[in-house]
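start-v6.txt (compact mmCIF, C-alpha atoms)
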```txt
# COMPACT_ATOMS: atom_id res chain seq x y z
CA MET X 1262 45.56 50.79 -41.93
CA THR X 1263 45.49 46.99 -41.99
CA LEU X 1264 44.47 45.36 -45.24
CA ARG X 1265 42.43 42.19 -45.04
CA ARG X 1266 42.33 39.60 -47.76
CA SER X 1267 38.88 39.04 -49.04
CA ARG X 1268 37.75 35.45 -49.22
CA ARG X 1269 35.48 34.63 -52.09
CA SER X 1270 32.60 32.41 -51.13
CA PRO X 1271 32.04 29.48 -53.46
CA SER X 1272 29.33 30.15 -55.98
CA THR X 1273 25.93 28.57 -55.70
CA ALA X 1274 26.69 26.48 -58.77
CA ALA X 1275 29.92 25.16 -57.22
CA VAL X 1276 28.17 24.20 -54.00
CA ALA X 1277 25.40 22.48 -55.93
CA ALA X 1278 27.99 20.57 -57.95
CA ARG X 1279 29.72 19.35 -54.79
CA VAL X 1280 26.46 18.31 -53.19
CA GLY X 1281 25.43 16.54 -56.38
CA ALA X 1282 28.74 14.70 -56.54
CA ALA X 1283 28.41 13.59 -52.92
CA ILE X 1284 24.86 12.36 -53.48
CA GLY X 1285 25.94 10.59 -56.64
CA ALA X 1286 28.74 8.82 -54.77
CA LEU X 1287 26.30 7.65 -52.11
CA VAL X 1288 23.89 6.35 -54.77
CA VAL X 1289 26.70 4.44 -56.48
CA ALA X 1290 27.87 2.93 -53.20
CA HIS X 1291 24.31 1.91 -52.35
CA ALA X 1292 23.53 0.31 -55.70
CA ALA X 1293 26.96 -0.97 -56.79
CA PRO X 1294 26.24 -4.64 -55.93
CA SER X 1295 23.27 -4.60 -58.33
CA VAL X 1296 25.73 -5.10 -61.22
CA LEU X 1297 25.81 -8.75 -60.14
CA ALA X 1298 22.45 -9.10 -61.87
CA ILE X 1299 24.31 -8.82 -65.19
CA PRO X 1300 25.27 -12.42 -66.09
CA ARG X 1301 28.75 -11.69 -67.46
CA VAL X 1302 29.65 -9.43 -64.55
CA ARG X 1303 28.25 -11.92 -62.05
CA ALA X 1304 30.25 -14.79 -63.50
CA ARG X 1305 33.51 -12.84 -63.50
CA LEU X 1306 33.26 -11.23 -60.07
CA SER X 1307 32.08 -14.02 -57.82
CA ALA X 1308 31.53 -17.69 -58.52
CA ARG X 1309 30.10 -18.16 -55.02
CA VAL X 1310 27.47 -15.45 -55.44
CA THR X 1311 26.61 -16.82 -58.86
CA GLY X 1312 25.91 -20.21 -57.34
CA VAL X 1313 28.74 -22.21 -58.94
CA GLY X 1314 29.34 -25.31 -56.87
CA ASP X 1315 30.28 -28.98 -57.06
CA GLY X 1316 31.07 -29.79 -60.69
CA GLY X 1317 29.17 -33.07 -60.56
CA ARG X 1318 26.00 -31.49 -59.29
CA ILE X 1319 23.41 -28.99 -60.37
CA ALA X 1320 21.35 -27.03 -57.84
CA LEU X 1321 17.60 -26.68 -58.39
CA THR X 1322 16.04 -23.59 -56.82
CA PHE X 1323 12.58 -22.01 -56.84
CA ASP X 1324 11.56 -18.43 -56.02
CA ASP X 1325 8.52 -16.48 -54.81
CA GLY X 1326 6.52 -19.09 -52.87
CA PRO X 1327 5.08 -20.79 -51.03
CA ASN X 1328 1.80 -20.58 -52.91
CA PRO X 1329 -1.02 -22.89 -51.72
CA VAL X 1330 -2.25 -23.39 -55.30
CA SER X 1331 1.00 -24.09 -57.13
CA THR X 1332 3.71 -25.12 -54.66
CA PRO X 1333 2.05 -28.44 -53.66
CA ARG X 1334 2.09 -29.42 -57.33
CA PHE X 1335 5.83 -28.89 -57.45
CA LEU X 1336 6.30 -30.88 -54.25
CA GLU X 1337 4.40 -33.76 -55.85
CA ALA X 1338 6.47 -33.60 -59.04
CA LEU X 1339 9.73 -33.50 -57.10
CA ASP X 1340 8.63 -36.39 -54.91
CA GLU X 1341 7.84 -38.48 -58.00
CA SER X 1342 11.31 -37.71 -59.37
CA GLY X 1343 13.08 -38.31 -56.06
CA VAL X 1344 14.70 -34.86 -56.29
CA LYS X 1345 15.18 -32.30 -53.51
CA ALA X 1346 15.39 -28.55 -54.14
CA THR X 1347 15.86 -25.21 -52.43
CA PHE X 1348 12.82 -22.94 -52.09
CA PHE X 1349 13.61 -19.23 -51.73
CA MET X 1350 10.58 -18.12 -49.76
CA LEU X 1351 8.99 -14.72 -49.28
CA GLY X 1352 8.11 -13.99 -45.68
CA CYS X 1353 4.68 -12.60 -46.59
CA MET X 1354 3.85 -15.79 -48.53
CA ALA X 1355 5.07 -18.07 -45.75
CA ALA X 1356 2.95 -16.15 -43.25
CA ARG X 1357 -0.16 -16.90 -45.33
CA ALA X 1358 0.69 -20.60 -45.72
CA PRO X 1359 2.36 -21.82 -42.51
CA ALA X 1360 1.36 -25.48 -42.98
CA LEU X 1361 2.70 -25.51 -46.53
CA SER X 1362 5.94 -23.91 -45.35
CA ARG X 1363 6.40 -26.76 -42.89
CA ALA X 1364 5.47 -29.32 -45.53
CA ILE X 1365 8.35 -28.15 -47.75
CA VAL X 1366 10.88 -28.99 -45.04
CA GLU X 1367 9.08 -32.17 -44.02
CA ALA X 1368 9.42 -33.35 -47.62
CA GLY X 1369 13.21 -33.00 -47.29
CA HIS X 1370 13.65 -29.75 -49.19
CA GLU X 1371 15.69 -26.74 -48.14
CA VAL X 1372 14.20 -23.32 -47.39
CA ALA X 1373 16.07 -20.11 -48.14
CA LEU X 1374 15.32 -16.40 -47.90
CA HIS X 1375 13.93 -14.22 -50.70
CA GLY X 1376 12.96 -11.27 -48.48
CA TRP X 1377 9.69 -10.32 -46.85
CA SER X 1378 7.94 -9.12 -50.02
CA HIS X 1379 8.98 -8.94 -53.66
CA ARG X 1380 10.21 -5.36 -53.47
CA ILE X 1381 13.45 -4.09 -54.97
CA LEU X 1382 15.83 -3.65 -52.05
CA MET X 1383 17.80 -0.89 -53.80
CA LEU X 1384 14.88 1.40 -53.01
CA ARG X 1385 15.24 0.80 -49.27
CA GLY X 1386 17.69 2.15 -46.73
CA PRO X 1387 19.94 0.17 -44.37
CA ALA X 1388 17.54 0.03 -41.41
CA ALA X 1389 14.51 -0.95 -43.49
CA THR X 1390 16.53 -3.53 -45.42
CA TYR X 1391 17.82 -5.21 -42.28
CA ALA X 1392 14.34 -5.20 -40.70
CA ASP X 1393 12.89 -6.78 -43.88
CA LEU X 1394 15.42 -9.63 -43.98
CA ALA X 1395 15.47 -10.23 -40.22
CA ARG X 1396 11.68 -10.40 -40.05
CA ALA X 1397 11.45 -12.87 -42.92
CA ARG X 1398 14.32 -15.03 -41.69
CA SER X 1399 12.86 -15.27 -38.20
CA LEU X 1400 9.38 -16.16 -39.43
CA ILE X 1401 10.58 -18.83 -41.86
CA ALA X 1402 12.78 -20.39 -39.18
CA ASP X 1403 9.92 -20.40 -36.67
CA LEU X 1404 7.43 -21.90 -39.13
CA THR X 1405 9.68 -24.58 -40.61
CA GLY X 1406 12.16 -25.35 -37.84
CA GLN X 1407 14.97 -24.82 -40.37
CA GLU X 1408 17.29 -21.79 -40.31
CA PRO X 1409 17.63 -20.30 -43.80
CA ARG X 1410 21.29 -20.24 -44.84
CA PHE X 1411 21.03 -18.67 -48.30
CA PHE X 1412 19.63 -15.35 -49.48
CA ARG X 1413 18.55 -14.26 -52.97
CA PRO X 1414 17.14 -10.73 -53.33
CA PRO X 1415 13.96 -10.00 -55.30
CA HIS X 1416 14.73 -9.50 -59.00
CA GLY X 1417 18.31 -10.59 -58.27
CA LEU X 1418 19.24 -7.01 -57.36
CA PHE X 1419 21.58 -6.65 -54.39
CA SER X 1420 22.31 -3.39 -52.63
CA THR X 1421 25.15 -2.64 -50.24
CA PRO X 1422 22.72 -2.51 -47.26
CA ALA X 1423 21.32 -5.90 -48.34
CA LEU X 1424 24.76 -7.52 -48.36
CA VAL X 1425 25.62 -5.95 -45.01
CA ALA X 1426 22.31 -7.20 -43.56
CA ALA X 1427 22.98 -10.67 -44.99
CA ALA X 1428 26.36 -10.72 -43.27
CA ARG X 1429 24.82 -9.72 -39.94
CA LEU X 1430 22.20 -12.46 -40.30
CA GLU X 1431 24.81 -15.05 -41.39
CA LEU X 1432 23.17 -15.55 -44.77
CA THR X 1433 25.14 -16.48 -47.89
CA PRO X 1434 24.08 -14.47 -50.98
CA VAL X 1435 23.38 -16.67 -53.99
CA LEU X 1436 21.94 -15.79 -57.40
CA TRP X 1437 21.92 -18.31 -60.27
CA THR X 1438 23.82 -19.42 -63.36
CA CYS X 1439 20.83 -20.21 -65.60
CA TRP X 1440 17.12 -19.47 -65.56
CA GLY X 1441 14.10 -20.40 -67.62
CA ARG X 1442 12.55 -16.92 -67.77
CA ASP X 1443 9.43 -18.74 -66.73
CA TRP X 1444 7.74 -15.68 -65.24
CA LYS X 1445 7.04 -14.19 -68.64
CA PRO X 1446 3.49 -14.41 -70.07
CA GLN X 1447 4.76 -15.97 -73.30
CA ALA X 1448 6.82 -18.70 -71.56
CA THR X 1449 6.09 -22.29 -72.57
CA PRO X 1450 7.59 -25.59 -71.38
CA GLU X 1451 9.61 -25.65 -74.60
CA SER X 1452 10.93 -22.11 -74.18
CA ILE X 1453 11.84 -22.75 -70.55
CA LEU X 1454 13.90 -25.82 -71.42
CA ALA X 1455 15.50 -24.01 -74.36
CA LYS X 1456 16.58 -21.14 -72.10
CA LEU X 1457 18.01 -23.51 -69.49
CA ARG X 1458 19.69 -26.07 -71.74
CA PRO X 1459 22.91 -24.09 -72.54
CA GLY X 1460 23.54 -23.64 -68.81
CA LEU X 1461 22.82 -27.18 -67.65
CA ASN X 1462 26.43 -27.96 -66.84
CA GLY X 1463 28.18 -29.29 -63.76
CA GLY X 1464 28.28 -26.73 -60.97
CA ALA X 1465 25.28 -24.75 -62.23
CA THR X 1466 22.39 -23.30 -60.23
CA ILE X 1467 18.95 -23.32 -61.89
CA LEU X 1468 16.38 -20.63 -61.14
CA LEU X 1469 12.68 -21.42 -61.65
CA HIS X 1470 9.48 -20.20 -59.98
CA ASP X 1471 6.97 -22.22 -57.99
CA ALA X 1472 4.56 -19.28 -57.70
CA ASP X 1473 3.02 -16.70 -60.02
CA GLY X 1474 4.34 -13.24 -60.54
CA ASP X 1475 2.14 -10.21 -61.07
CA GLN X 1476 2.90 -10.15 -64.79
CA ALA X 1477 1.78 -13.66 -65.74
CA PRO X 1478 -0.96 -15.39 -63.72
CA CYS X 1479 -0.71 -19.20 -63.92
CA ALA X 1480 2.77 -19.04 -65.49
CA TRP X 1481 3.74 -21.75 -63.01
CA ARG X 1482 1.83 -24.30 -65.10
CA SER X 1483 4.42 -24.04 -67.88
CA THR X 1484 7.21 -24.39 -65.33
CA LEU X 1485 5.59 -27.47 -63.82
CA ARG X 1486 5.27 -29.10 -67.23
CA ALA X 1487 8.88 -28.23 -68.07
CA LEU X 1488 10.30 -29.60 -64.81
CA PRO X 1489 10.39 -33.32 -65.82
CA TRP X 1490 12.10 -32.38 -69.08
CA VAL X 1491 14.72 -30.36 -67.19
CA LEU X 1492 15.39 -33.22 -64.79
CA GLU X 1493 15.62 -35.70 -67.65
CA GLU X 1494 18.13 -33.49 -69.45
CA CYS X 1495 20.26 -33.25 -66.31
CA ALA X 1496 20.14 -37.02 -65.87
CA ARG X 1497 21.14 -37.51 -69.51
CA ARG X 1498 24.20 -35.36 -68.85
CA GLY X 1499 25.09 -37.38 -65.76
CA LEU X 1500 24.39 -34.55 -63.32
CA ARG X 1501 23.01 -35.04 -59.82
CA VAL X 1502 20.25 -32.54 -59.07
CA GLY X 1503 19.71 -31.34 -55.52
CA PRO X 1504 19.44 -28.38 -53.15
CA LEU X 1505 22.04 -25.69 -52.58
CA ARG X 1506 23.10 -27.24 -49.28
CA ASP X 1507 24.64 -30.13 -51.26
CA HIS X 1508 26.07 -27.80 -53.89
CA VAL X 1509 27.46 -24.62 -52.34
CA THR X 1510 29.15 -24.39 -48.94
CA PRO X 1511 27.44 -21.62 -46.96
CA THR X 1512 29.84 -18.94 -45.71
CA GLN X 1513 29.15 -15.75 -43.87
CA PRO X 1514 29.46 -12.99 -46.49
CA ALA X 1515 31.69 -10.00 -45.90
CA PRO X 1516 29.99 -6.61 -46.16
CA ALA X 1517 30.25 -5.28 -49.70
CA THR X 1518 32.55 -2.40 -50.52
CA PRO X 1519 31.80 -0.08 -53.42
```
Mind converting the file's structure to structure tokens?
Amino acid sequence: MTLRRSRRSPSTAAVAARVGAAIGALVVAHAAPSVLAIPRVRARLSARVTGVGDGGRIALTFDDGPNPVSTPRFLEALDESGVKATFFMLGCMAARAPALSRAIVEAGHEVALHGWSHRILMLRGPAATYADLARARSLIADLTGQEPRFFRPPHGLFSTPALVAAARLELTPVLWTCWGRDWKPQATPESILAKLRPGLNGGATILLHDADGDQAPCAWRSTLRALPWVLEECARRGLRVGPLRDHVTPTQPAPATP
């Protein structure tokens, strides 16, 4: 009689543990780039992604527009100051304001990509993420005649699919080195300048907003009032303020690895 060795099937708990570990690894790989939203991590891991550039310059950037109510006010203020900036535009906003989108470029400013809508990209898969960025990039280029070269994700949260999509679309990911937290309901011109002042150094990238967020309607008014103070402070420090194109050299990003 031939004896056969019995093979014990893995328990249900063991299988569940393996599946859970595999899912966990996929989640980590998907969301790993989001750690760049943490200032200290961002500064240590990648100066280029942070937006560190020419030490004699400081880059001025705006998110979430164009908004027909607020963005023209910023264009007027920048024109009076003789300063150019980079506007990270949402595709859905540009689609609603095509003439204003063109006016931004006609005024000598740079347009960049902020996505189609202000949705966290970590909640989207690779195909949806690429479609979102490609759609927005194409629309902004068609409306303005200028190809966006830089990409900043909503909420500053990258995902691996977002970085891979950016590489395919030849977009350079850029976040910021200092921000005014001007989207908060309690923000004032004084608080915005106070938040920015420690970071107003050569090579910095400023993040402000030229449009309202859902949390604080009309918050842009405080930002608009703070803008001359910010520009005056930069001038006092001998810093030239301008768009990212004069500050950071665009490079095609390599796909992120977890």
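Between CA of Leu1404 (chain X) and CA of Arg1357 (chain X) the separation is 11.0 Å.
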List as a list of chain:residue names the protein and nucleic acid residues near Asp1403 (chain X), meaning an atom at most 12 Å away when only C-alpha atoms are counted, but skip any in the same chain fewer than 4 places from it. X:Gly1352, X:Ala1355, X:Ala1356, X:Pro1359, X:Ala1360, X:Ser1362, X:Arg1363, X:Val1372, X:Arg1396, X:Ala1397, X:Arg1398, X:Ser1399, X:Gln1407, X:Glu1408, X:Pro1409
From the list X:Ser1378, X:Thr1449, X:Ser1342, X:Thr1390, which residue is nearest Ala1426 (chain X) when using all atoms listed in the file?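 Ranking X:Ser1378, X:Thr1449, X:Ser1342, X:Thr1390 by distance to Ala1426 (chain X), first place goes to X:Thr1390.
Residues in contact range of Leu1505 (chain X), defined as at most 6 Å between all atoms listed in the file, with sequence neighbours fewer than 3 positions away removed, read Ala1320, His1508 and Val1509 of chain X.
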I want to know what sits within 10 Å of Ser1331 (chain X), based on all atoms listed in the file, with residues of the same chain fewer than 4 positions away left out; could you give that as a list in words? Gly1326, Pro1327, Phe1335, Leu1336, His1470, Asp1471, Ala1472, Asp1473, Cys1479, Ala1480, Trp1481, Arg1482 and Leu1485 of chain X
Atomic distance CA of Pro1387 (chain X) - CA of Phe1411 (chain X), expressed in Å with one decimal: 19.3 Å
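Distances from X:Trp1437, X:Phe1412, X:Trp1444, X:Trp1490 to Leu1321 (chain X) were compared using all atoms listed in the file, and the smallest one belongs to X:Trp1437.
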